[in-house]
Amino acid sequence: MVTLGHYLIVSAILFAIGFAGVMLRRNIIIILMAVELMLNAANLSLVAFSRFHVDPTGAPNYNAQVFVFFIITVAAAEVAVGLAIVVALFRLRQTTHVEDISSLKF
Amino acid sequence: MSPFLFWIFALLLLIFGAAVIFNRNPVASALSLVVSFLALAALFISLNAYFIGIIQVLVYAGAIMVLFLFIIMLLDLRAEELRKINWVASAGGVAVALALIVQIFAVIGKLKIAKQTFPPLPTPTALASGASTSDDVRQIGLLLFTNYNLPFQIIGVVILVATIGVVMLSRRETR
């Protein structure tokens, strides 16, 4: 039988994959994708807890799902701004490699 | 919530999540991320969160990934050539990620409720007699427009600001 712990462990592994991606990869776009993976890992554990804590009428706790809704919205805005910064950076430097962009002032 | 389906989708999620990190080609990474998000949406639906699962497919697998692919196409990124890998930094990154996962596993191992299965939702007969559940779109909508009305409006302002910011960032400077 699938327990709450199974979902939490899948969520933990997904978060670690995203974290390793941010640490290991040097391409800004891949780093943004890894950040998305981490956000989704948090979403998965939130939804699992929402399903776990049912109220007396038998309904899941929908507060967590509203929270997930907000996280998805903020993630969408974050990706849009992040990719716009990547495009602006690419116009200046013709690279998306983080080690080529190490100075604060161009 | 059949265990068989859970394992299939959890494996899909993790394998394609790892493929995002290990692919050299950005397009392959982005497409792996789409499959990973679809598997995650299936896991949401297995948790009876139908609204969140559909939003996941629409917003993540649809909008956000199209944005990623569009930017990759716009920047004309090739599979990056192998640069000299900084082994010390890579080993440090892997070590920190492993330490993180060991810590999370330790916490989950100590958590007593992690060993319990999910409580059953009311059966259709109980639903017919007035218990309300599994109409999660309605419940989330009610919460959004009552309890969480202010955060909901603030999130609208956040999206507006993000839109304006993106337009400002991507405008060519005319000097």
# chains A, B, ... in the order shown; residues from 1 in each chain; ligands from 1
>>> select_by_dssp(residues="stretch 3-105 of chain A", states="alpha helix (DSSP H)", output="ChimeraX atom specification")
/A:4-24,28-52,62-93
>>> write_last_selection(atoms="C-alpha atoms", output="mmCIF file, in the first residue's frame")
data_model
loop_
_atom_site.group_PDB
_atom_site.id
_atom_site.type_symbol
_atom_site.label_atom_id
_atom_site.label_comp_id
_atom_site.auth_asym_id
_atom_site.auth_seq_id
_atom_site.Cartn_x
_atom_site.Cartn_y
_atom_site.Cartn_z
ATOM 1 C CA LEU A 4 2.445 9.250 2.862
ATOM 2 C CA GLY A 5 6.141 8.445 3.249
ATOM 3 C CA HIS A 6 6.376 7.157 -0.334
ATOM 4 C CA TYR A 7 5.216 10.492 -1.715
ATOM 5 C CA LEU A 8 7.508 12.401 0.644
ATOM 6 C CA ILE A 9 10.507 10.303 -0.425
ATOM 7 C CA VAL A 10 9.740 10.822 -4.125
ATOM 8 C CA SER A 11 9.438 14.531 -3.398
ATOM 9 C CA ALA A 12 12.773 14.528 -1.511
ATOM 10 C CA ILE A 13 14.579 12.741 -4.352
ATOM 11 C CA LEU A 14 13.098 15.154 -6.891
ATOM 12 C CA PHE A 15 14.249 18.108 -4.790
ATOM 13 C CA ALA A 16 17.761 16.632 -4.532
ATOM 14 C CA ILE A 17 17.865 16.139 -8.328
ATOM 15 C CA GLY A 18 16.921 19.777 -8.825
ATOM 16 C CA PHE A 19 19.456 20.907 -6.264
ATOM 17 C CA ALA A 20 22.224 18.831 -7.871
ATOM 18 C CA GLY A 21 21.255 20.384 -11.207
ATOM 19 C CA VAL A 22 21.671 23.898 -9.841
ATOM 20 C CA MET A 23 25.047 22.950 -8.363
ATOM 21 C CA LEU A 24 26.436 20.944 -11.299
ATOM 22 C CA ILE A 28 21.615 29.220 -17.110
ATOM 23 C CA ILE A 29 18.591 27.731 -18.879
ATOM 24 C CA ILE A 30 19.233 24.280 -17.390
ATOM 25 C CA ILE A 31 19.661 25.910 -13.972
ATOM 26 C CA LEU A 32 16.223 27.558 -14.368
ATOM 27 C CA MET A 33 14.738 24.153 -15.267
ATOM 28 C CA ALA A 34 16.325 22.641 -12.147
ATOM 29 C CA VAL A 35 14.753 25.407 -10.051
ATOM 30 C CA GLU A 36 11.394 24.416 -11.558
ATOM 31 C CA LEU A 37 12.040 20.809 -10.495
ATOM 32 C CA MET A 38 12.636 21.945 -6.916
ATOM 33 C CA LEU A 39 9.425 24.014 -6.874
ATOM 34 C CA ASN A 40 7.514 20.988 -8.120
ATOM 35 C CA ALA A 41 9.016 18.780 -5.430
ATOM 36 C CA ALA A 42 7.631 21.188 -2.829
ATOM 37 C CA ASN A 43 4.242 21.101 -4.605
ATOM 38 C CA LEU A 44 4.181 17.302 -4.486
ATOM 39 C CA SER A 45 4.713 17.149 -0.738
ATOM 40 C CA LEU A 46 2.119 19.901 -0.189
ATOM 41 C CA VAL A 47 -0.500 17.994 -2.173
ATOM 42 C CA ALA A 48 0.387 14.738 -0.378
ATOM 43 C CA PHE A 49 -0.128 16.391 3.019
ATOM 44 C CA SER A 50 -3.347 17.962 1.747
ATOM 45 C CA ARG A 51 -4.701 14.514 0.862
ATOM 46 C CA PHE A 52 -3.443 13.077 4.151
ATOM 47 C CA TYR A 62 -7.867 22.452 0.342
ATOM 48 C CA ASN A 63 -5.754 25.210 1.907
ATOM 49 C CA ALA A 64 -2.616 23.369 0.757
ATOM 50 C CA GLN A 65 -3.987 23.115 -2.776
ATOM 51 C CA VAL A 66 -4.653 26.865 -2.845
ATOM 52 C CA PHE A 67 -1.048 27.311 -1.745
ATOM 53 C CA VAL A 68 0.115 25.079 -4.613
ATOM 54 C CA PHE A 69 -1.971 27.188 -6.983
ATOM 55 C CA PHE A 70 -0.142 30.319 -5.778
ATOM 56 C CA ILE A 71 3.246 28.592 -6.097
ATOM 57 C CA ILE A 72 2.500 27.616 -9.704
ATOM 58 C CA THR A 73 1.459 31.201 -10.504
ATOM 59 C CA VAL A 74 4.581 32.707 -8.947
ATOM 60 C CA ALA A 75 6.756 30.105 -10.710
ATOM 61 C CA ALA A 76 5.252 31.104 -14.049
ATOM 62 C CA ALA A 77 6.039 34.779 -13.406
ATOM 63 C CA GLU A 78 9.528 33.870 -12.201
ATOM 64 C CA VAL A 79 10.308 31.843 -15.324
ATOM 65 C CA ALA A 80 9.104 34.652 -17.592
ATOM 66 C CA VAL A 81 11.322 37.227 -15.870
ATOM 67 C CA GLY A 82 14.276 34.830 -15.636
ATOM 68 C CA LEU A 83 14.164 33.956 -19.322
ATOM 69 C CA ALA A 84 13.854 37.642 -20.249
ATOM 70 C CA ILE A 85 17.038 38.294 -18.243
ATOM 71 C CA VAL A 86 18.741 35.387 -20.037
ATOM 72 C CA VAL A 87 17.770 36.851 -23.409
ATOM 73 C CA ALA A 88 19.033 40.313 -22.416
ATOM 74 C CA LEU A 89 22.279 38.766 -21.185
ATOM 75 C CA PHE A 90 22.682 36.745 -24.379
ATOM 76 C CA ARG A 91 22.360 39.911 -26.431
ATOM 77 C CA LEU A 92 25.223 41.496 -24.528
ATOM 78 C CA ARG A 93 27.552 38.525 -24.194
#
>>> residues_around(residues="B:Gly62", least_positions_apart="4", cutoff="10 Å", atoms="only C-alpha atoms", output="list in words")
Val34, Phe37, Leu38, Ile55, Gln56, Val57, Leu58, Val66 and Leu67 of chain B
>>> atom_distance(atom1="atom CA of B:Leu121", atom2="atom CA of A:His53")
10.9 Å
>>> atom_distance(atom1="atom CA of B:Phe70", atom2="atom CA of B:Arg24")
17.8 Å
>>> atom_distance(atom1="atom CA of B:Gln116", atom2="atom CA of B:Ala39")
23.5 Å
